[in-house]
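S.K.: Quick one, protein.cif (mmCIF, C-alpha atoms; chains and numbers go by the auth columns):
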```cif
data_my_file
loop_
_atom_site.group_PDB
_atom_site.id
_atom_site.type_symbol
_atom_site.label_atom_id
_atom_site.label_comp_id
_atom_site.label_asym_id
_atom_site.label_seq_id
_atom_site.Cartn_x
_atom_site.Cartn_y
_atom_site.Cartn_z
_atom_site.B_iso_or_equiv
_atom_site.auth_seq_id
_atom_site.auth_asym_id
ATOM 1 C CA MET A 1 5.234 57.620 6.260 0.00 178 A
ATOM 2 C CA SER A 2 4.348 60.975 4.709 0.00 179 A
ATOM 3 C CA ILE A 3 2.187 62.535 2.020 0.00 180 A
ATOM 4 C CA LEU A 4 3.591 64.751 -0.694 0.00 181 A
ATOM 5 C CA VAL A 5 1.589 67.975 -0.992 0.00 182 A
ATOM 6 C CA THR A 6 1.966 70.020 -4.166 0.00 183 A
ATOM 7 C CA ASN A 7 -0.082 72.303 -6.434 0.00 184 A
ATOM 8 C CA ASP A 8 0.071 74.454 -9.554 0.00 185 A
ATOM 9 C CA ASP A 9 -0.875 77.820 -8.017 0.00 186 A
ATOM 10 C CA GLY A 10 2.489 78.267 -6.311 0.00 187 A
ATOM 11 C CA PHE A 11 3.771 77.635 -2.812 0.00 188 A
ATOM 12 C CA GLU A 12 2.320 80.825 -1.346 0.00 189 A
ATOM 13 C CA ALA A 13 -1.246 80.181 -2.527 0.00 190 A
ATOM 14 C CA ILE A 14 -3.887 80.025 0.199 0.00 191 A
ATOM 15 C CA GLY A 15 -5.129 76.668 -1.080 0.00 192 A
ATOM 16 C CA ILE A 16 -1.939 74.726 -0.465 0.00 193 A
ATOM 17 C CA GLN A 17 -1.321 76.494 2.834 0.00 194 A
ATOM 18 C CA ALA A 18 -4.785 75.501 4.070 0.00 195 A
ATOM 19 C CA LEU A 19 -4.239 71.933 2.866 0.00 196 A
ATOM 20 C CA LEU A 20 -0.945 71.693 4.737 0.00 197 A
ATOM 21 C CA ALA A 21 -2.670 72.801 7.926 0.00 198 A
ATOM 22 C CA SER A 22 -5.547 70.340 7.545 0.00 199 A
ATOM 23 C CA THR A 23 -3.320 67.329 6.760 0.00 200 A
ATOM 24 C CA LYS A 24 -0.695 67.844 9.471 0.00 201 A
ATOM 25 C CA THR A 25 -1.479 64.442 11.058 0.00 202 A
ATOM 26 C CA LEU A 26 -0.383 62.806 7.789 0.00 203 A
ATOM 27 C CA ASP A 27 3.088 64.361 8.091 0.00 204 A
ATOM 28 C CA PRO A 28 2.889 66.443 4.887 0.00 205 A
ATOM 29 C CA ILE A 29 5.963 67.368 2.889 0.00 206 A
ATOM 30 C CA MET A 30 5.443 70.313 0.558 0.00 207 A
ATOM 31 C CA VAL A 31 7.179 70.549 -2.786 0.00 208 A
ATOM 32 C CA ALA A 32 5.486 73.302 -4.783 0.00 209 A
ATOM 33 C CA PRO A 33 6.238 75.626 -7.695 0.00 210 A
ATOM 34 C CA LYS A 34 7.735 79.034 -7.108 0.00 211 A
ATOM 35 C CA HIS A 35 5.233 80.647 -9.478 0.00 212 A
ATOM 36 C CA ASN A 36 1.748 79.920 -10.788 0.00 213 A
ATOM 37 C CA CYS A 37 1.883 77.064 -13.302 0.00 214 A
ATOM 38 C CA SER A 38 -1.780 76.635 -14.193 0.00 215 A
ATOM 39 C CA GLY A 39 -2.489 74.783 -17.441 0.00 216 A
ATOM 40 C CA MET A 40 0.848 72.950 -17.580 0.00 217 A
ATOM 41 C CA SER A 41 -0.698 69.483 -17.256 0.00 218 A
ATOM 42 C CA ALA A 42 2.057 66.913 -16.551 0.00 219 A
ATOM 43 C CA ALA A 43 4.819 68.798 -18.400 0.00 220 A
ATOM 44 C CA ILE A 44 8.350 68.294 -17.117 0.00 221 A
ATOM 45 C CA SER A 45 11.465 70.450 -17.513 0.00 222 A
ATOM 46 C CA LEU A 46 13.310 67.891 -19.594 0.00 223 A
ATOM 47 C CA ARG A 47 17.096 68.379 -19.618 0.00 224 A
ATOM 48 C CA LYS A 48 16.752 71.777 -17.954 0.00 225 A
ATOM 49 C CA GLU A 49 18.197 72.735 -14.605 0.00 226 A
ATOM 50 C CA VAL A 50 15.435 73.071 -12.025 0.00 227 A
ATOM 51 C CA LYS A 51 16.366 74.960 -8.884 0.00 228 A
ATOM 52 C CA VAL A 52 15.142 73.961 -5.443 0.00 229 A
ATOM 53 C CA LYS A 53 14.985 76.182 -2.386 0.00 230 A
ATOM 54 C CA GLN A 54 14.487 74.520 0.983 0.00 231 A
ATOM 55 C CA LEU A 55 12.346 76.677 3.267 0.00 232 A
ATOM 56 C CA ASN A 56 12.547 74.323 6.240 0.00 233 A
ATOM 57 C CA LEU A 57 12.862 70.630 6.996 0.00 234 A
ATOM 58 C CA LYS A 58 9.685 69.698 5.097 0.00 235 A
ATOM 59 C CA GLU A 59 8.972 72.531 2.674 0.00 236 A
ATOM 60 C CA PHE A 60 10.636 73.009 -0.719 0.00 237 A
ATOM 61 C CA VAL A 61 10.084 75.485 -3.541 0.00 238 A
ATOM 62 C CA VAL A 62 10.874 74.498 -7.128 0.00 239 A
ATOM 63 C CA THR A 63 11.443 76.715 -10.178 0.00 240 A
ATOM 64 C CA GLY A 64 9.908 74.109 -12.499 0.00 241 A
ATOM 65 C CA THR A 65 6.476 72.684 -13.235 0.00 242 A
ATOM 66 C CA PRO A 66 3.989 70.949 -10.915 0.00 243 A
ATOM 67 C CA ALA A 67 5.105 67.577 -12.310 0.00 244 A
ATOM 68 C CA ASP A 68 8.725 68.550 -11.601 0.00 245 A
ATOM 69 C CA CYS A 69 7.693 69.092 -7.985 0.00 246 A
ATOM 70 C CA SER A 70 6.229 65.598 -7.748 0.00 247 A
ATOM 71 C CA TYR A 71 9.290 64.100 -9.427 0.00 248 A
ATOM 72 C CA PHE A 72 11.648 65.748 -6.954 0.00 249 A
ATOM 73 C CA GLY A 73 9.440 64.946 -3.978 0.00 250 A
ATOM 74 C CA LEU A 74 9.130 61.271 -4.873 0.00 251 A
ATOM 75 C CA HIS A 75 12.594 60.542 -6.247 0.00 252 A
ATOM 76 C CA GLY A 76 14.848 63.196 -4.761 0.00 253 A
ATOM 77 C CA MET A 77 13.962 62.590 -1.121 0.00 254 A
ATOM 78 C CA ASN A 78 13.416 58.851 -0.762 0.00 255 A
ATOM 79 C CA GLU A 79 14.160 58.891 2.955 0.00 256 A
ATOM 80 C CA ASN A 80 10.722 60.426 3.543 0.00 257 A
ATOM 81 C CA ASN A 81 8.832 57.298 2.380 0.00 258 A
ATOM 82 C CA ILE A 82 6.035 59.096 0.548 0.00 259 A
ATOM 83 C CA GLU A 83 2.855 56.982 0.424 0.00 260 A
ATOM 84 C CA GLN A 84 0.500 59.387 -1.360 0.00 261 A
ATOM 85 C CA VAL A 85 0.486 62.522 -3.525 0.00 262 A
ATOM 86 C CA VAL A 86 -2.135 65.175 -2.758 0.00 263 A
ATOM 87 C CA SER A 87 -2.320 68.132 -5.144 0.00 264 A
ATOM 88 C CA GLY A 88 -4.196 71.370 -4.409 0.00 265 A
ATOM 89 C CA ILE A 89 -6.238 73.004 -3.183 0.00 266 A
ATOM 90 C CA ASN A 90 -6.443 74.619 -6.612 0.00 267 A
ATOM 91 C CA LEU A 91 -8.145 77.991 -6.829 0.00 268 A
ATOM 92 C CA GLY A 92 -10.509 77.459 -9.750 0.00 269 A
ATOM 93 C CA ALA A 93 -12.386 74.416 -11.005 0.00 270 A
ATOM 94 C CA ASN A 94 -10.872 71.412 -12.738 0.00 271 A
ATOM 95 C CA LEU A 95 -14.016 69.967 -14.278 0.00 272 A
ATOM 96 C CA GLY A 96 -14.682 67.821 -17.310 0.00 273 A
ATOM 97 C CA THR A 97 -11.978 67.439 -19.902 0.00 274 A
ATOM 98 C CA ASP A 98 -10.094 70.344 -18.310 0.00 275 A
ATOM 99 C CA VAL A 99 -8.232 67.611 -16.404 0.00 276 A
ATOM 100 C CA PHE A 100 -6.123 67.098 -19.543 0.00 277 A
ATOM 101 C CA TYR A 101 -4.677 70.599 -19.148 0.00 278 A
ATOM 102 C CA SER A 102 -4.716 70.877 -15.363 0.00 279 A
ATOM 103 C CA GLY A 103 -1.392 71.301 -13.597 0.00 280 A
ATOM 104 C CA THR A 104 -3.145 70.237 -10.389 0.00 281 A
ATOM 105 C CA VAL A 105 -4.088 66.885 -11.904 0.00 282 A
ATOM 106 C CA GLY A 106 -0.781 66.670 -13.776 0.00 283 A
ATOM 107 C CA ALA A 107 1.147 66.882 -10.510 0.00 284 A
ATOM 108 C CA ALA A 108 -0.983 64.162 -8.939 0.00 285 A
ATOM 109 C CA ILE A 109 -0.459 61.656 -11.769 0.00 286 A
ATOM 110 C CA ALA A 110 3.050 60.862 -10.525 0.00 287 A
ATOM 111 C CA GLY A 111 1.536 59.180 -7.468 0.00 288 A
ATOM 112 C CA ILE A 112 -0.554 56.504 -9.187 0.00 289 A
ATOM 113 C CA ASN A 113 1.760 53.660 -8.142 0.00 290 A
ATOM 114 C CA LEU A 114 2.045 54.576 -4.478 0.00 291 A
ATOM 115 C CA LYS A 115 0.294 52.930 -1.530 0.00 292 A
ATOM 116 C CA TYR A 116 -2.729 55.229 -1.779 0.00 293 A
ATOM 117 C CA ALA A 117 -4.333 56.706 -4.887 0.00 294 A
ATOM 118 C CA PRO A 118 -3.313 60.311 -5.594 0.00 295 A
ATOM 119 C CA VAL A 119 -5.853 63.053 -4.982 0.00 296 A
ATOM 120 C CA ALA A 120 -6.287 66.303 -6.917 0.00 297 A
ATOM 121 C CA ILE A 121 -8.428 68.901 -5.140 0.00 298 A
ATOM 122 C CA SER A 122 -9.956 72.105 -6.494 0.00 299 A
ATOM 123 C CA VAL A 123 -12.493 74.687 -5.363 0.00 300 A
ATOM 124 C CA CYS A 124 -14.667 76.407 -7.951 0.00 301 A
ATOM 125 C CA SER A 125 -13.620 79.931 -7.042 0.00 302 A
ATOM 126 C CA PHE A 126 -10.512 82.071 -7.281 0.00 303 A
ATOM 127 C CA SER A 127 -11.468 83.712 -3.983 0.00 304 A
ATOM 128 C CA PRO A 128 -13.145 81.010 -1.861 0.00 305 A
ATOM 129 C CA ARG A 129 -15.209 82.246 1.071 0.00 306 A
ATOM 130 C CA ASP A 130 -13.915 79.662 3.568 0.00 307 A
ATOM 131 C CA ILE A 131 -10.791 77.845 2.378 0.00 308 A
ATOM 132 C CA SER A 132 -10.209 76.391 5.854 0.00 309 A
ATOM 133 C CA PHE A 133 -13.558 74.609 5.774 0.00 310 A
ATOM 134 C CA ILE A 134 -12.830 73.282 2.266 0.00 311 A
ATOM 135 C CA ALA A 135 -9.424 72.036 3.451 0.00 312 A
ATOM 136 C CA ASP A 136 -10.905 70.265 6.474 0.00 313 A
ATOM 137 C CA LYS A 137 -13.475 68.518 4.274 0.00 314 A
ATOM 138 C CA ALA A 138 -10.741 67.618 1.809 0.00 315 A
ATOM 139 C CA PHE A 139 -8.807 65.952 4.615 0.00 316 A
ATOM 140 C CA GLU A 140 -11.898 63.921 5.560 0.00 317 A
ATOM 141 C CA LEU A 141 -12.229 62.723 1.976 0.00 318 A
ATOM 142 C CA ILE A 142 -8.537 61.842 1.748 0.00 319 A
ATOM 143 C CA GLN A 143 -8.962 59.691 4.849 0.00 320 A
ATOM 144 C CA LYS A 144 -12.153 58.111 3.511 0.00 321 A
ATOM 145 C CA PHE A 145 -10.590 57.054 0.218 0.00 322 A
ATOM 146 C CA ARG A 146 -7.628 55.501 1.993 0.00 323 A
ATOM 147 C CA SER A 147 -10.037 52.853 3.277 0.00 324 A
ATOM 148 C CA ILE A 148 -11.598 52.116 -0.132 0.00 325 A
ATOM 149 C CA SER A 149 -10.058 49.637 -2.551 0.00 326 A
ATOM 150 C CA LEU A 150 -9.578 51.322 -5.920 0.00 327 A
ATOM 151 C CA GLN A 151 -8.483 49.967 -9.272 0.00 328 A
ATOM 152 C CA GLN A 152 -4.762 50.228 -9.958 0.00 329 A
ATOM 153 C CA ASN A 153 -3.723 53.456 -11.724 0.00 330 A
ATOM 154 C CA SER A 154 -6.673 55.367 -10.274 0.00 331 A
ATOM 155 C CA LEU A 155 -6.619 59.083 -9.521 0.00 332 A
ATOM 156 C CA ILE A 156 -9.251 60.899 -7.461 0.00 333 A
ATOM 157 C CA ASN A 157 -10.291 64.302 -8.812 0.00 334 A
ATOM 158 C CA ILE A 158 -12.305 66.319 -6.284 0.00 335 A
ATOM 159 C CA ASN A 159 -14.038 69.635 -6.957 0.00 336 A
ATOM 160 C CA PHE A 160 -15.694 71.691 -4.243 0.00 337 A
ATOM 161 C CA PRO A 161 -18.318 74.342 -4.895 0.00 338 A
ATOM 162 C CA ASP A 162 -17.567 77.638 -3.176 0.00 339 A
ATOM 163 C CA ILE A 163 -19.622 76.877 -0.080 0.00 340 A
ATOM 164 C CA LEU A 164 -19.707 77.675 3.593 0.00 341 A
ATOM 165 C CA LYS A 165 -20.074 75.063 6.318 0.00 342 A
ATOM 166 C CA GLN A 166 -23.842 75.567 6.632 0.00 343 A
ATOM 167 C CA ASP A 167 -24.304 75.043 2.882 0.00 344 A
ATOM 168 C CA TYR A 168 -22.569 71.652 2.731 0.00 345 A
ATOM 169 C CA LYS A 169 -24.797 68.997 1.081 0.00 346 A
ATOM 170 C CA GLY A 170 -22.385 66.094 0.687 0.00 347 A
ATOM 171 C CA GLU A 171 -20.450 64.401 -2.113 0.00 348 A
ATOM 172 C CA LEU A 172 -21.449 62.658 -5.335 0.00 349 A
ATOM 173 C CA TYR A 173 -19.509 60.249 -7.516 0.00 350 A
ATOM 174 C CA THR A 174 -19.406 61.769 -10.979 0.00 351 A
ATOM 175 C CA LYS A 175 -18.079 61.335 -14.471 0.00 352 A
ATOM 176 C CA LEU A 176 -16.247 64.040 -16.390 0.00 353 A
ATOM 177 C CA ALA A 177 -18.496 66.455 -18.254 0.00 354 A
ATOM 178 C CA LYS A 178 -17.791 66.797 -21.957 0.00 355 A
ATOM 179 C CA ARG A 179 -17.143 70.142 -23.600 0.00 356 A
ATOM 180 C CA GLY A 180 -17.700 71.309 -27.143 0.00 357 A
ATOM 181 C CA ALA A 181 -14.986 72.626 -29.438 0.00 358 A
ATOM 182 C CA PRO A 182 -12.946 75.498 -28.005 0.00 359 A
ATOM 183 C CA GLU A 183 -13.325 78.990 -29.396 0.00 360 A
ATOM 184 C CA ALA A 184 -11.013 80.021 -32.205 0.00 361 A
ATOM 185 C CA PRO A 185 -7.804 81.704 -31.027 0.00 362 A
ATOM 186 C CA ASN A 186 -7.725 85.471 -30.837 0.00 363 A
ATOM 187 C CA ILE A 187 -5.086 86.452 -33.384 0.00 364 A
ATOM 188 C CA ILE A 188 -2.952 89.469 -32.510 0.00 365 A
ATOM 189 C CA SER A 189 -0.818 91.041 -35.218 0.00 366 A
ATOM 190 C CA LYS A 190 1.598 93.837 -34.310 0.00 367 A
ATOM 191 C CA LYS A 191 4.062 94.927 -36.985 0.00 368 A
ATOM 192 C CA ASP A 192 6.211 91.839 -37.684 0.00 369 A
ATOM 193 C CA GLN A 193 5.036 89.890 -34.624 0.00 370 A
ATOM 194 C CA LEU A 194 2.138 87.425 -34.869 0.00 371 A
ATOM 195 C CA SER A 195 0.690 86.089 -31.603 0.00 372 A
ATOM 196 C CA PHE A 196 -2.559 84.729 -30.205 0.00 373 A
ATOM 197 C CA THR A 197 -4.499 84.066 -27.043 0.00 374 A
ATOM 198 C CA PHE A 198 -7.097 81.366 -26.503 0.00 375 A
ATOM 199 C CA SER A 199 -9.296 79.589 -24.007 0.00 376 A
ATOM 200 C CA ALA A 200 -8.408 75.903 -23.861 0.00 377 A
ATOM 201 C CA SER A 201 -11.958 74.730 -23.180 0.00 378 A
ATOM 202 C CA GLY A 202 -15.258 75.008 -25.004 0.00 379 A
ATOM 203 C CA ASP A 203 -18.674 75.260 -23.371 0.00 380 A
ATOM 204 C CA PHE A 204 -20.100 72.246 -21.543 0.00 381 A
ATOM 205 C CA ILE A 205 -22.460 70.221 -23.729 0.00 382 A
ATOM 206 C CA ASP A 206 -26.096 70.237 -22.593 0.00 383 A
ATOM 207 C CA GLY A 207 -28.053 67.118 -21.687 0.00 384 A
ATOM 208 C CA GLN A 208 -25.366 65.222 -19.789 0.00 385 A
ATOM 209 C CA SER A 209 -26.167 63.433 -16.529 0.00 386 A
ATOM 210 C CA ASP A 210 -24.155 62.392 -13.462 0.00 387 A
ATOM 211 C CA THR A 211 -21.335 64.742 -14.366 0.00 388 A
ATOM 212 C CA ASP A 212 -18.946 66.722 -12.191 0.00 389 A
ATOM 213 C CA MET A 213 -20.334 69.976 -13.601 0.00 390 A
ATOM 214 C CA GLN A 214 -23.889 68.956 -12.733 0.00 391 A
ATOM 215 C CA ALA A 215 -22.896 68.107 -9.157 0.00 392 A
ATOM 216 C CA ILE A 216 -21.224 71.494 -8.697 0.00 393 A
ATOM 217 C CA GLU A 217 -24.227 73.343 -10.130 0.00 394 A
ATOM 218 C CA ASN A 218 -26.438 71.548 -7.586 0.00 395 A
ATOM 219 C CA GLY A 219 -24.168 72.438 -4.682 0.00 396 A
ATOM 220 C CA TYR A 220 -22.504 69.043 -4.159 0.00 397 A
ATOM 221 C CA VAL A 221 -18.840 68.107 -3.976 0.00 398 A
ATOM 222 C CA SER A 222 -17.848 66.203 -7.106 0.00 399 A
ATOM 223 C CA VAL A 223 -15.656 63.101 -6.806 0.00 400 A
ATOM 224 C CA SER A 224 -14.453 61.592 -10.097 0.00 401 A
ATOM 225 C CA ILE A 225 -12.376 58.411 -10.067 0.00 402 A
ATOM 226 C CA LEU A 226 -10.116 58.579 -13.114 0.00 403 A
ATOM 227 C CA ASN A 227 -8.264 55.613 -14.591 0.00 404 A
ATOM 228 C CA TYR A 228 -4.786 56.312 -15.934 0.00 405 A
ATOM 229 C CA ASP A 229 -4.142 52.865 -17.418 0.00 406 A
ATOM 230 C CA ILE A 230 -2.759 53.842 -20.819 0.00 407 A
ATOM 231 C CA SER A 231 -2.058 50.348 -22.120 0.00 408 A
ATOM 232 C CA SER A 232 -2.751 49.543 -25.754 0.00 409 A
ATOM 233 C CA ALA A 233 -6.253 48.311 -26.635 0.00 410 A
ATOM 234 C CA ASN A 234 -6.131 44.627 -25.652 0.00 411 A
ATOM 235 C CA ASP A 235 -8.498 43.502 -28.439 0.00 412 A
ATOM 236 C CA PHE A 236 -5.844 44.335 -31.013 0.00 413 A
ATOM 237 C CA LEU A 237 -2.727 43.006 -29.286 0.00 414 A
ATOM 238 C CA GLY A 238 -0.760 40.454 -31.310 0.00 415 A
ATOM 239 C CA LYS A 239 -2.863 40.864 -34.448 0.00 416 A
ATOM 240 C CA GLU A 240 -1.332 41.691 -37.790 0.00 417 A
ATOM 241 C CA ILE A 241 -2.302 45.025 -39.332 0.00 418 A
ATOM 242 C CA SER A 242 -3.866 44.329 -42.704 0.00 419 A
ATOM 243 C CA HIS A 243 -3.145 46.526 -45.714 0.00 420 A
ATOM 244 C CA GLY A 244 -5.519 47.286 -48.532 0.00 421 A
ATOM 245 C CA SER A 245 -4.632 46.143 -52.011 0.00 422 A
#
```
Can the structure in the file be given as structure tokens, please?
M.R.:
Amino acid sequence: MSILVTNDDGFEAIGIQALLASTKTLDPIMVAPKHNCSGMSAAISLRKEVKVKQLNLKEFVVTGTPADCSYFGLHGMNENNIEQVVSGINLGANLGTDVFYSGTVGAAIAGINLKYAPVAISVCSFSPRDISFIADKAFELIQKFRSISLQQNSLININFPDILKQDYKGELYTKLAKRGAPEAPNIISKKDQLSFTFSASGDFIDGQSDTDMQAIENGYVSVSILNYDISSANDFLGKEISHGS
């Protein structure tokens, strides 16, 4: 049995390389994007040719999205008997409702029906001070959650503060912090071309408790158990929709 390791930062990123080293006892198979694909969520390259380059027996580079990587790893190489998807270590936080946009989380979603719940891992820095320490702690948490019974369709979203070994305080279970409305897009008009840039997320709303953002601010590792059961609301099933007169 193996784990599928992927990310959205690209196959050469230090986060995924550190994760591969820390999880070697779990027989990791890497399928990762060729380029940075941050913010792509669970987008797939529908009806487009996605190229795959095999680096060695257990490492593959894909020209598509993070979700494409998971799709190929799970369904294009069935002989490897993948039992879990682990995505990361992402350079930069995936906190609060940012998980809706996150390519790191989007890649992990494909593993919700496997033997073990998928894990998405991020560190709240683009230049972490000790990525090897973060990776070793991530491996410990992966092992820990393999022994815990979780609800079906669960996904584990882990965020590390940018800490050194001597600063480690522990982990907290958290809920996703809520953000306010995003800023208006920055409109750019050049001759006949209209374009814009924007930040997908607004500021975190004050006064929230037990959130992932709060844990990070206090120096703890945040662990959020997300439920991806997208069934229709059961209270309405089978009922006729009434129409006004």
S.K.: Given all atoms listed in the file as the basis, pick out the residue of A:Asp406, A:Glu360, A:Glu317, A:Asp185 nearest to Ser299 of chain A.
M.R.: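 So, comparing all the options, the nearest one is A:Asp185.
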S.K.: With distances taken over all atoms listed in the file, which residue among A:Ile365, A:Val300, A:Val239, A:Val398 lies nearest Glu226 of chain A?
M.R.: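 Smallest distance to Glu226 of chain A is found for A:Val239.
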S.K.: Could you list, as a CSV table (one decimal) with C-alpha atoms, in the coordinates of the input, every residue within 8 Å of segment 231-238 of chain A, counting all atoms listed in the file and ignoring same-chain residues fewer than 4 positions away?
M.R.:
```csv
chain,number,residue,atom,x,y,z
A,188,PHE,CA,3.8,77.6,-2.8
A,205,PRO,CA,2.9,66.4,4.9
A,206,ILE,CA,6.0,67.4,2.9
A,207,MET,CA,5.4,70.3,0.6
A,208,VAL,CA,7.2,70.5,-2.8
A,209,ALA,CA,5.5,73.3,-4.8
A,210,PRO,CA,6.2,75.6,-7.7
A,211,LYS,CA,7.7,79.0,-7.1
```
S.K.: Got a sec to resolve the PyMOL selection byres ((chain A and resi 335-338) around 6) on this structure and send the residues as a list in words?
M.R.: Ile298, Ser299, Val300, Cys301, Asn334, Asp339, Ile340, Ile393, Val398, Ser399 and Val400 of chain A
S.K.: Env of segment 254-267 of chain A: 7 Å cut, atoms = all atoms listed in the file, seq-sep filter 4 positions within chain, self excluded. Answer as a count of residues only.
M.R.: 26
S.K.: When the PyMOL selection byres ((chain A and resi 223) around 12) is applied to the file above, which residues end up in the set, as a list in words?
M.R.: Ala219, Ala220, Ile221, Ser222, Arg224, Lys225, Glu226, Val227, Gly241, Thr242, Ala244, Asp245 and Tyr248 of chain A
S.K.: Mind dumping the selected residues with C-alpha atoms as a PDB file, in the coordinates of the input?
M.R.:
```pdb
ATOM      1  CA  ALA A 219       2.057  66.913 -16.551  1.00  0.00           C
ATOM      2  CA  ALA A 220       4.819  68.798 -18.400  1.00  0.00           C
ATOM      3  CA  ILE A 221       8.350  68.294 -17.117  1.00  0.00           C
ATOM      4  CA  SER A 222      11.465  70.450 -17.513  1.00  0.00           C
ATOM      5  CA  ARG A 224      17.096  68.379 -19.618  1.00  0.00           C
ATOM      6  CA  LYS A 225      16.752  71.777 -17.954  1.00  0.00           C
ATOM      7  CA  GLU A 226      18.197  72.735 -14.605  1.00  0.00           C
ATOM      8  CA  VAL A 227      15.435  73.071 -12.025  1.00  0.00           C
ATOM      9  CA  GLY A 241       9.908  74.109 -12.499  1.00  0.00           C
ATOM     10  CA  THR A 242       6.476  72.684 -13.235  1.00  0.00           C
ATOM     11  CA  ALA A 244       5.105  67.577 -12.310  1.00  0.00           C
ATOM     12  CA  ASP A 245       8.725  68.550 -11.601  1.00  0.00           C
ATOM     13  CA  TYR A 248       9.290  64.100  -9.427  1.00  0.00           C
TER      14      TYR A 248
END
```
S.K.: To one decimal in Å, tell me the separation between atom CA of Ser218 of chain A and atom CA of Gln370 of chain A.
M.R.: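 Going from atom CA of Ser218 of chain A over to atom CA of Gln370 of chain A, I get 27.4 Å.
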S.K.: One decimal, Å: what's the distance from atom CA of Leu203 of chain A over to atom CA of Ser324 of chain A, could you say?
M.R.: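 We find that atom CA of Leu203 of chain A and atom CA of Ser324 of chain A lie 14.6 Å from each other.
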S.K.: Could you expand the PyMOL selection byres ((chain A and resi 361) around 12) into the explicit residues it covers here, written as a PDB file with C-alpha atoms, keeping the file's coordinate frame?
M.R.:
```
ATOM      1  CA  ALA A 358     -14.986  72.626 -29.438  1.00  0.00           C
ATOM      2  CA  PRO A 359     -12.946  75.498 -28.005  1.00  0.00           C
ATOM      3  CA  GLU A 360     -13.325  78.990 -29.396  1.00  0.00           C
ATOM      4  CA  PRO A 362      -7.804  81.704 -31.027  1.00  0.00           C
ATOM      5  CA  ASN A 363      -7.725  85.471 -30.837  1.00  0.00           C
ATOM      6  CA  ILE A 364      -5.086  86.452 -33.384  1.00  0.00           C
ATOM      7  CA  PHE A 373      -2.559  84.729 -30.205  1.00  0.00           C
ATOM      8  CA  THR A 374      -4.499  84.066 -27.043  1.00  0.00           C
ATOM      9  CA  PHE A 375      -7.097  81.366 -26.503  1.00  0.00           C
ATOM     10  CA  SER A 376      -9.296  79.589 -24.007  1.00  0.00           C
ATOM     11  CA  ALA A 377      -8.408  75.903 -23.861  1.00  0.00           C
ATOM     12  CA  SER A 378     -11.958  74.730 -23.180  1.00  0.00           C
ATOM     13  CA  GLY A 379     -15.258  75.008 -25.004  1.00  0.00           C
TER      14      GLY A 379
END
```
S.K.: Report, in Å to a single decimal, how far apart atom CA of Tyr405 of chain A and atom CA of Val282 of chain A are.
M.R.: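 If I compute the distance from atom CA of Val282 of chain A to atom CA of Tyr405 of chain A, I get 11.3 Å.
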S.K.: Go through A:Thr351, A:Ser419, A:Ser408, A:Asn395 one by one, measure the shortest atom-to-atom distance of each to Gly273 of chain A using only C-alpha atoms, and give the residue with the smallest value.
M.R.: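 Distance minimum relative to Gly273 of chain A lands on A:Thr351.
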S.K.: Please rebuild segment 355-363 of chain A with N, CA, C and O atoms and give the result as a short mmCIF file (atom, residue, chain, number, x, y, z; two decimals), in the frame of the given file.
M.R.:
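Writing the result to result11.cif gives the following:
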```cif
data_model
loop_
_atom_site.label_atom_id
_atom_site.label_comp_id
_atom_site.auth_asym_id
_atom_site.auth_seq_id
_atom_site.Cartn_x
_atom_site.Cartn_y
_atom_site.Cartn_z
N LYS A 355 -18.42 66.57 -20.65
CA LYS A 355 -17.79 66.80 -21.96
C LYS A 355 -18.04 68.23 -22.42
O LYS A 355 -19.11 68.79 -22.19
N ARG A 356 -17.04 68.79 -23.06
CA ARG A 356 -17.14 70.14 -23.60
C ARG A 356 -17.19 70.10 -25.13
O ARG A 356 -16.73 69.15 -25.76
N GLY A 357 -17.73 71.15 -25.70
CA GLY A 357 -17.70 71.31 -27.14
C GLY A 357 -16.35 71.83 -27.60
O GLY A 357 -15.41 71.97 -26.81
N ALA A 358 -16.24 72.14 -28.88
CA ALA A 358 -14.99 72.63 -29.44
C ALA A 358 -14.63 73.97 -28.82
O ALA A 358 -15.51 74.80 -28.55
N PRO A 359 -13.36 74.20 -28.56
CA PRO A 359 -12.95 75.50 -28.00
C PRO A 359 -13.14 76.62 -29.01
O PRO A 359 -13.24 76.39 -30.23
N GLU A 360 -13.22 77.84 -28.52
CA GLU A 360 -13.32 78.99 -29.40
C GLU A 360 -12.05 79.13 -30.22
O GLU A 360 -10.97 78.68 -29.82
N ALA A 361 -12.19 79.77 -31.37
CA ALA A 361 -11.01 80.02 -32.20
C ALA A 361 -10.06 80.96 -31.47
O ALA A 361 -10.49 81.81 -30.69
N PRO A 362 -8.77 80.81 -31.70
CA PRO A 362 -7.80 81.70 -31.03
C PRO A 362 -7.99 83.15 -31.46
O PRO A 362 -8.40 83.43 -32.58
N ASN A 363 -7.68 84.05 -30.55
CA ASN A 363 -7.72 85.47 -30.84
C ASN A 363 -6.37 85.89 -31.41
O ASN A 363 -5.37 85.93 -30.70
#
```
